Amino acid sequence: MLKIIVCIKQVPDTAEVKLDPVTGTLIREGVPSIINPDDKAGLEAALRLKDSCGAHVTALSMGPPQAELALREALAMGADQAVLVTDRAFGGADTWATSSTLAAAIRKLGYDLIITGRQAIDGDTAQVGPQIAEHLGIANISYAEELTLIGDAVVVKRQYENRYHVLRAKLPCLITALSELNEPRYMTPGGIFEAFEQELSVFARADLDISDANIGLKGSPTRVVRSFTKQPKGKGQAVTLDPQESAQWLLERLEEKHILSSGK
Amino acid sequence: MQNYKGVAVFAEQVNGKISGVVYELLGKGKELAAVLETDVTAILLGSNIGSLAEKLAAYGADCVVVIDDPALGDYMTEPYARALTEAVNTYMPEVLLYGATAIGRDLAPRVSARVQTGLTADCTGLEIQPETNNLLMTRPAFGGNIMATIVCSEHRPQMATVRPGVMQKLAPEPGRVCVVEALAVDGLSAAQNVEILEVVDKIAARMDILDAKVLVSGGRGMGGPENFAMLEELAGVLGGTISASRASVDAGWQPKDRQVGQTGKTVRPNLYIACGISGAIQHLAGMEESEIIVAINKDASAPIFEVADFGLVGDALKIVPLLTRQIRERTAGQ
């Protein structure tokens with residue numbers, strides 16, 4: 001049977017996350033967590049393939065123990081299996097170390113098709129999907145707007161700024177899903193009940209065949225040296241001039257702000 | 001690590017046209033290179049694209065590395081990743097910048113995993129740290145609520161994708177001298193592991209106001225639906241689209257899907273130009289997070305001026321056409 005792995009990330013429900021002014025760290029308390037929207041669309045896409053042609057769907061998440069909740073939701077939506085990759089040794093990972101860790105977990109599970117979300121709403125990097133594919137040495141198609149399975153290949157409508165490509169890739173491959181891909185289904189009451197009965201697999205450091213050099217803080221080429229909140233802007237400048245001078249004045253201000261050199 | 005020298009820019013092109021962000025990367029690249037006392041190299045990938053090198057030179061490239069191969073026609077991840085990796089291994093730049101575009105954000109992570117270096121996404125600020133000469137990469141996260149500065153101190157090249165429209169391009173200098181080098185890379189057609197079945201250019205449908213980088217918005221002060229044509233024109237030269245206040249939607253001048261505000265859409269463009277909009281609280285709630293806000297209104301006491309970076313007290317009907325004309329004059333010939 002077709003083996004699909006969907007990578008999901010648990011993210012805070014709101015973009016209105018605040019920074020603790022004393023410690024400079026994120027205040028996550030009181031912010032409800034959800035499955036990242038692009039990832040949820042990826043999960044839905046996998047479940048539709050399961051409905052239409054049969055597949056075994058595994059939801060995979062790397063994160064702290066509480067990410068279990070996101071995985072339970074995936075099970076309640078219809079995933080067959082859920083795997084949580086969690087260990088202190090994986091902490092502090094940037095996208096490079098995260099993707100190499102997830103790739104090790106995926107290798108252990110076995111796969112035909114991997115679906116990730118395009119990007120997470122907390123980090124917005126869009127890097128982990130293509131990086132997983134690179135670590136596994138398989139093809140990837142990013143920004144999927146439509147996804148169908150034809151024989152042993154996927155056909156994907158791949159979005160660009162002002163055009164799209166219809167691409168075909170043989171399995172195994174990795175797709176990154178846009179939330180436009182579909183409208184994710186709701187959990188069913190029966191599904192929720194079963195999801196909380198089901199056993200969750202946990203992969204810790206010792207369960208993965210991966211070098212220490214490629215995980216956690218140590219395996220991360222990048223690190224954050226400073227984080228800060230954007231200063232709220234006060235009232236700007238206003239002028240009363242004749243129309244010609246007004247236009248001129250504004251253009252000069254916009255040029256100073258680099259607005260008129262924007263990439264079009 | 002000391003062997004990595006110079007600043008490089010991935011010169012993205014689509015159908016033989018260089019993406020606008022590339023010129024911005026060159027402008028920023030020049031600035032970084034000046035601090036590092038080095039040069040800027042543009043890495044140009046494509047099929048039959050050699051003639052584009054001149055344009056890259058005019059905008060600041062000191063060297064253009066051209067990988068011209070039939071397998072690099074329409075963008076495909078693997079042949080591009082392979083070709084660019086070869087360029088990185090050959091020229092060993094200490095910094096490599098990409099536009100944070102639908103291509104750059106697919107290609108850069110593949111290359112970063114392949115050459116085992118860090119990558120920072122969607123940067124809006126880049127500078128060189130004085131003591132270390134490391135690249136400080138600043139980017140928004142959590143929907144722009146938090147900014148983070150990131151370094152990649154132990155790996156090279158230091159790679160970043162850069163948000164389009166943020167960095168400044170240089171004034172072009174036609175005929176500027178630069179070195180053009182062709183690099184041949186083997187096995188690119190064999191690397192095509194994805195097949196392109198169809199390429200579809202989207203019909204220029206009206207842009208969704210949520211996607212627009214520039215919004216020119218009209219309110220009651222526009223006087224009537226016929227005057228929105230001048231807003232369309234201004235939006236056109238800025239690469240954006242038009243939106244509207246609740247007053248002008250309620251008056252039937254614009255469709256509901258154009259409405260900005262609490263009962264409409266919340267927008268966050270790089271530039272929001274409010275024309276003849278007084279700035280009721282419910283309107284401000286839908287646009288105050290815009291990067292730059294311009295207000296044009298006859299009433300100097302209108303609340304919109306409280307949130308505007310730049311305010312013009314005057315008649316939008318007179319000022320807008322002049323703005324459009326002056327922008328056209330400035331961008332002509334670029």
# chains A, B, ... in the order shown; residues from 1 in each chain; ligands from 1
call {"tool": "interface_residues", "arguments": {"of": "chain A", "to": "chain B", "cutoff": "6 Å", "atoms": "only C-alpha atoms", "output": "ChimeraX atom specification"}}
result
/A:15,122-123,125,127,130-131,134,160,162-169,221-229,235-240,243,247,258,262-264
call {"tool": "residues_around", "arguments": {"residues": "Trp253 in chain B", "least_positions_apart": "6", "cutoff": "9 Å", "atoms": "only C-alpha atoms", "output": "ChimeraX atom specification"}}
result
/B:224-226,228,244,247
call {"tool": "select_by_dssp", "arguments": {"residues": "range 23-219 of chain A", "states": "helix (DSSP H, G or I)", "output": "MDAnalysis selection string"}}
result
chainID A and resid 37:53 65:77 88:90 95:109 128:136 179:181 189:197 205:207 212:214
call {"tool": "select_by_dssp", "arguments": {"residues": "range 157-220 of chain B", "states": "strand (DSSP E)", "output": "VMD selection string"}}
result
chain B and resid 158 to 162 179 to 182 194 to 201 214 to 218
call {"tool": "write_last_selection", "arguments": {"atoms": "all heavy atoms", "output": "short mmCIF file (atom, residue, chain, number, x, y, z; two decimals), in the first residue's frame"}}
result
data_model
loop_
_atom_site.label_atom_id
_atom_site.label_comp_id
_atom_site.auth_asym_id
_atom_site.auth_seq_id
_atom_site.Cartn_x
_atom_site.Cartn_y
_atom_site.Cartn_z
N GLN B 158 27.48 32.09 3.71
CA GLN B 158 26.37 32.54 4.55
C GLN B 158 25.23 32.87 3.59
O GLN B 158 25.37 33.76 2.76
CB GLN B 158 26.77 33.78 5.33
CG GLN B 158 28.03 33.56 6.17
CD GLN B 158 28.68 34.87 6.59
OE1 GLN B 158 28.36 35.43 7.62
NE2 GLN B 158 29.60 35.35 5.78
N MET B 159 24.14 32.14 3.69
CA MET B 159 23.09 32.29 2.68
C MET B 159 21.81 32.87 3.27
O MET B 159 21.40 32.54 4.38
CB MET B 159 22.77 30.94 2.04
CG MET B 159 23.99 30.24 1.44
SD MET B 159 23.57 29.15 0.06
CE MET B 159 22.36 28.10 0.80
N ALA B 160 21.16 33.72 2.45
CA ALA B 160 19.90 34.31 2.87
C ALA B 160 18.99 34.47 1.66
O ALA B 160 19.46 34.75 0.56
CB ALA B 160 20.15 35.68 3.50
N THR B 161 17.70 34.26 1.87
CA THR B 161 16.73 34.73 0.88
C THR B 161 16.26 36.09 1.38
O THR B 161 16.13 36.31 2.59
CB THR B 161 15.54 33.78 0.68
OG1 THR B 161 14.80 33.66 1.90
CG2 THR B 161 15.99 32.40 0.24
N VAL B 162 16.05 37.00 0.46
CA VAL B 162 15.78 38.39 0.81
C VAL B 162 14.43 38.81 0.24
O VAL B 162 14.13 38.56 -0.93
CB VAL B 162 16.89 39.31 0.24
CG1 VAL B 162 16.61 40.77 0.58
CG2 VAL B 162 18.25 38.89 0.77
N VAL B 179 33.48 41.21 -15.59
CA VAL B 179 34.03 39.96 -16.10
C VAL B 179 32.89 38.97 -16.31
O VAL B 179 32.06 38.80 -15.41
CB VAL B 179 35.03 39.37 -15.08
CG1 VAL B 179 35.65 38.08 -15.61
CG2 VAL B 179 36.09 40.40 -14.73
N VAL B 180 32.81 38.35 -17.47
CA VAL B 180 31.78 37.34 -17.70
C VAL B 180 32.48 36.00 -17.89
O VAL B 180 33.38 35.87 -18.72
CB VAL B 180 30.92 37.68 -18.93
CG1 VAL B 180 29.88 36.58 -19.18
CG2 VAL B 180 30.24 39.03 -18.76
N GLU B 181 32.10 35.04 -17.07
CA GLU B 181 32.72 33.71 -17.19
C GLU B 181 31.65 32.66 -17.40
O GLU B 181 30.64 32.66 -16.71
CB GLU B 181 33.50 33.38 -15.91
CG GLU B 181 34.76 34.19 -15.77
CD GLU B 181 35.58 33.76 -14.55
OE1 GLU B 181 35.46 32.59 -14.14
OE2 GLU B 181 36.33 34.61 -14.04
N ALA B 182 31.89 31.77 -18.35
CA ALA B 182 30.96 30.66 -18.57
C ALA B 182 31.41 29.48 -17.74
O ALA B 182 32.60 29.18 -17.66
CB ALA B 182 30.93 30.30 -20.05
N VAL B 194 11.94 15.75 -12.43
CA VAL B 194 10.55 16.19 -12.46
C VAL B 194 10.27 16.63 -13.89
O VAL B 194 11.11 17.25 -14.52
CB VAL B 194 10.32 17.37 -11.48
CG1 VAL B 194 8.94 17.97 -11.66
CG2 VAL B 194 10.51 16.92 -10.03
N GLU B 195 9.08 16.27 -14.36
CA GLU B 195 8.76 16.57 -15.75
C GLU B 195 7.74 17.73 -15.79
O GLU B 195 6.77 17.72 -15.03
CB GLU B 195 8.14 15.30 -16.35
CG GLU B 195 7.86 15.33 -17.81
CD GLU B 195 7.07 14.08 -18.23
OE1 GLU B 195 6.95 13.12 -17.42
OE2 GLU B 195 6.55 14.09 -19.35
N ILE B 196 7.99 18.70 -16.65
CA ILE B 196 7.04 19.80 -16.79
C ILE B 196 6.01 19.41 -17.84
O ILE B 196 6.34 19.21 -19.00
CB ILE B 196 7.73 21.11 -17.19
CG1 ILE B 196 8.77 21.51 -16.14
CG2 ILE B 196 6.71 22.23 -17.38
CD1 ILE B 196 9.49 22.81 -16.44
N LEU B 197 4.75 19.29 -17.42
CA LEU B 197 3.70 18.91 -18.37
C LEU B 197 3.10 20.14 -19.02
O LEU B 197 2.64 20.10 -20.15
CB LEU B 197 2.60 18.12 -17.65
CG LEU B 197 3.02 16.84 -16.93
CD1 LEU B 197 1.82 16.18 -16.26
CD2 LEU B 197 3.69 15.86 -17.89
N GLU B 198 3.08 21.24 -18.28
CA GLU B 198 2.39 22.43 -18.75
C GLU B 198 2.92 23.66 -18.04
O GLU B 198 3.21 23.61 -16.85
CB GLU B 198 0.89 22.25 -18.44
CG GLU B 198 -0.05 23.06 -19.28
CD GLU B 198 -1.50 22.88 -18.79
OE1 GLU B 198 -1.78 21.95 -18.02
OE2 GLU B 198 -2.32 23.71 -19.20
N VAL B 199 3.06 24.76 -18.78
CA VAL B 199 3.44 26.04 -18.17
C VAL B 199 2.31 27.01 -18.48
O VAL B 199 1.96 27.21 -19.63
CB VAL B 199 4.76 26.58 -18.78
CG1 VAL B 199 5.06 27.98 -18.24
CG2 VAL B 199 5.91 25.63 -18.48
N VAL B 200 1.71 27.56 -17.44
CA VAL B 200 0.56 28.45 -17.66
C VAL B 200 0.84 29.81 -17.04
O VAL B 200 1.05 29.92 -15.84
CB VAL B 200 -0.73 27.86 -17.05
CG1 VAL B 200 -1.92 28.78 -17.31
CG2 VAL B 200 -0.98 26.46 -17.61
N ASP B 201 0.87 30.84 -17.88
CA ASP B 201 0.98 32.20 -17.36
C ASP B 201 -0.41 32.63 -16.97
O ASP B 201 -1.35 32.51 -17.74
CB ASP B 201 1.56 33.14 -18.42
CG ASP B 201 3.03 32.84 -18.65
OD1 ASP B 201 3.76 32.79 -17.66
OD2 ASP B 201 3.42 32.66 -19.83
N VAL B 214 1.26 46.76 -2.97
CA VAL B 214 0.91 48.17 -2.95
C VAL B 214 -0.61 48.29 -3.10
O VAL B 214 -1.20 47.65 -3.98
CB VAL B 214 1.59 48.93 -4.11
CG1 VAL B 214 1.13 50.38 -4.15
CG2 VAL B 214 3.11 48.86 -4.00
N LEU B 215 -1.23 49.06 -2.22
CA LEU B 215 -2.67 49.30 -2.33
C LEU B 215 -2.92 50.80 -2.41
O LEU B 215 -2.40 51.57 -1.61
CB LEU B 215 -3.41 48.73 -1.11
CG LEU B 215 -3.66 47.24 -1.10
CD1 LEU B 215 -4.30 46.83 0.23
CD2 LEU B 215 -4.55 46.81 -2.26
N VAL B 216 -3.69 51.18 -3.43
CA VAL B 216 -4.14 52.57 -3.52
C VAL B 216 -5.62 52.53 -3.20
O VAL B 216 -6.41 51.88 -3.89
CB VAL B 216 -3.89 53.14 -4.93
CG1 VAL B 216 -4.39 54.58 -5.00
CG2 VAL B 216 -2.41 53.06 -5.29
N SER B 217 -5.99 53.17 -2.10
CA SER B 217 -7.31 52.99 -1.55
C SER B 217 -8.11 54.29 -1.64
O SER B 217 -7.57 55.37 -1.38
CB SER B 217 -7.14 52.57 -0.09
OG SER B 217 -8.25 51.85 0.35
N GLY B 218 -9.37 54.18 -2.02
CA GLY B 218 -10.18 55.38 -2.19
C GLY B 218 -11.36 55.42 -1.24
O GLY B 218 -12.00 54.40 -0.97
#
call {"tool": "atom_distance", "arguments": {"atom1": "CA of Ala41 in chain A", "atom2": "CA of Ala74 in chain A"}}
result
11.2 Å
call {"tool": "closest_residue", "arguments": {"among": "A:Gly137, A:Pro64, A:Pro184, A:Gly117", "to": "Gly91 in chain A", "atoms": "only C-alpha atoms"}}
result
A:Pro64
call {"tool": "closest_residue", "arguments": {"among": "B:Leu52, B:Leu44, B:Ala280, B:Cys178", "to": "Leu84 in chain B", "atoms": "only C-alpha atoms"}}
result
B:Leu44
call {"tool": "residues_around", "arguments": {"residues": "Phe193 in chain A", "least_positions_apart": "5", "cutoff": "12 Å", "atoms": "only C-alpha atoms", "output": "list in words"}}
result
Arg72, Glu73, Leu75, Ala76, Met77, Gly78, Met187, Thr188 and Gln198 of chain A
